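**Q** Let me give you the structure first, and then I'll get to my questions.
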Amino acid sequence: MLTEKQKSCYEKLFEITEKNMLESGNEMILEKDAFLSCVESPVADTDVARLSSMSRMAFLQSMYTQTLYAFIDEWLFDIARKREKQTDYDFKRGVIEDIKNNPDFRYNQGFIRNNIYNRDDSKQSLIVDFAEYRFLYGIYSNYKKLPQGFRRGVRRLFGRRE
């Protein structure tokens with residue numbers, strides 16, 4: 001967590017940047033709350049309870065930047081538009097489910113703590129999912145390097161069509 005002095009410095013930095021962006025005819029994509037939450041949280045460790053009081057867009061931006069290390073882009077706004085008729089609870093729960101199902105989340109070893117929208121989360125299950133994903137990814141990358149004849153044999157062995 002940041003001290004009050006550090007937090008006020010980051011707030012000032014955000015305000016200066018936002019002012020400069022507006023003067024140049026652009027606008028900030030990242031909301032102030034999302035920016036501050038990204039600065040405050042440790043890498044790959046997202047505390048949902050701390051983010052739950054944010055607006056929908058700030059929550060969405062914070063979750064995606066903290067867990068997937070993704071830049072805010074137009075596809076993120078499309079997600080928000082698709083879910084705009086949902087309640088806040090369902091919106092935020094859906095965002096978390098989307099992130100958990102994203103392969104980049106597992107590959108980056110992301111961790112979601114204090115998930116008040118779904119209580120059955122556990123670090124152990126995420127670690128197992130990550131290990132399984134890395135194992136399968138390693139097998140597949142080696143499979144792609146095999147000659148075509150060997151690959152055909154592997155597909156037959158596992159009952160896959162040719």
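Following the order of the structure tokens, first chain is A, next is B, and so on, with residues numbered from 1 inside each chain and ligands from 1 in the order they appear.
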Near Arg93 (chain A), within 9 Å and counting only C-alpha atoms, which residues show up once chain neighbours fewer than 6 positions away are dropped, as number ranges by chain?
**A** A: 115-118
**Q** For those residues, write C-alpha atoms to a file as a CSV table (one decimal), in the first residue's frame.
**A**
```csv
chain,number,residue,atom,x,y,z
A,115,ASN,CA,-13.1,-12.4,-4.4
A,116,ILE,CA,-16.4,-11.3,-2.8
A,117,TYR,CA,-18.3,-12.1,-6.0
A,118,ASN,CA,-17.4,-15.8,-5.9
```
**Q** For the alpha helix (DSSP H) assignment from backbone DSSP, which residues of chain A qualify? Please present them as a ChimeraX atom specification.
**A** /A:4-23,32-40,48-51,56-67,74-82,88-100,103-107,123-145,148-157
**Q** Can you tell me, as a ChimeraX atom specification, which residues in chain A count as strand (DSSP E or B) by DSSP?
**A** /A:45-47,111-113
**Q** For a quick check of understanding, using only C-alpha atoms, which of A:Lys12, A:Arg50, A:Arg56, A:Lys144 has the smallest distance to Lys92 (chain A)?
**A**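 Going through A:Lys12, A:Arg50, A:Arg56, A:Lys144 one by one, the smallest distance to Lys92 (chain A) is for A:Arg56.
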**Q** One number please: CA of Asn102 (chain A) to CA of Ser41 (chain A), in Å, one decimal.
**A**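 Between these atoms lies a distance of 20.5 Å.
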**Q** Restricting the calculation to only C-alpha atoms, which member of A:Gln6, A:Ser141, A:Ser62, A:Ser53 is positioned closest to Tyr89 (chain A)?
**A**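 Among the listed residues, A:Ser53 lies closest to Tyr89 (chain A).
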**Q** Could you give me, as a ChimeraX atom specification, the residues within 9 Å of Asn108 (chain A), counting only C-alpha atoms and dropping anything in the same chain fewer than 2 positions from it?
**A** /A:44,67-69,103-106,110,130
**Q** Hey, can you spit out that residue selection with C-alpha atoms as a tab-separated table (two decimals), in the first residue's frame?
**A**
```tsv
chain	number	residue	atom	x	y	z
A	44	ALA	CA	-0.11	-10.34	-10.31
A	67	THR	CA	-4.32	-9.52	-13.96
A	68	LEU	CA	-3.66	-9.72	-17.70
A	69	TYR	CA	-1.12	-6.91	-17.98
A	103	PRO	CA	-5.30	-18.37	-20.87
A	104	ASP	CA	-3.07	-15.32	-20.36
A	105	PHE	CA	-4.23	-15.12	-16.74
A	106	ARG	CA	-3.04	-18.66	-16.08
A	110	GLY	CA	-2.20	-14.19	-11.83
A	130	PHE	CA	-1.40	-22.97	-14.23
```
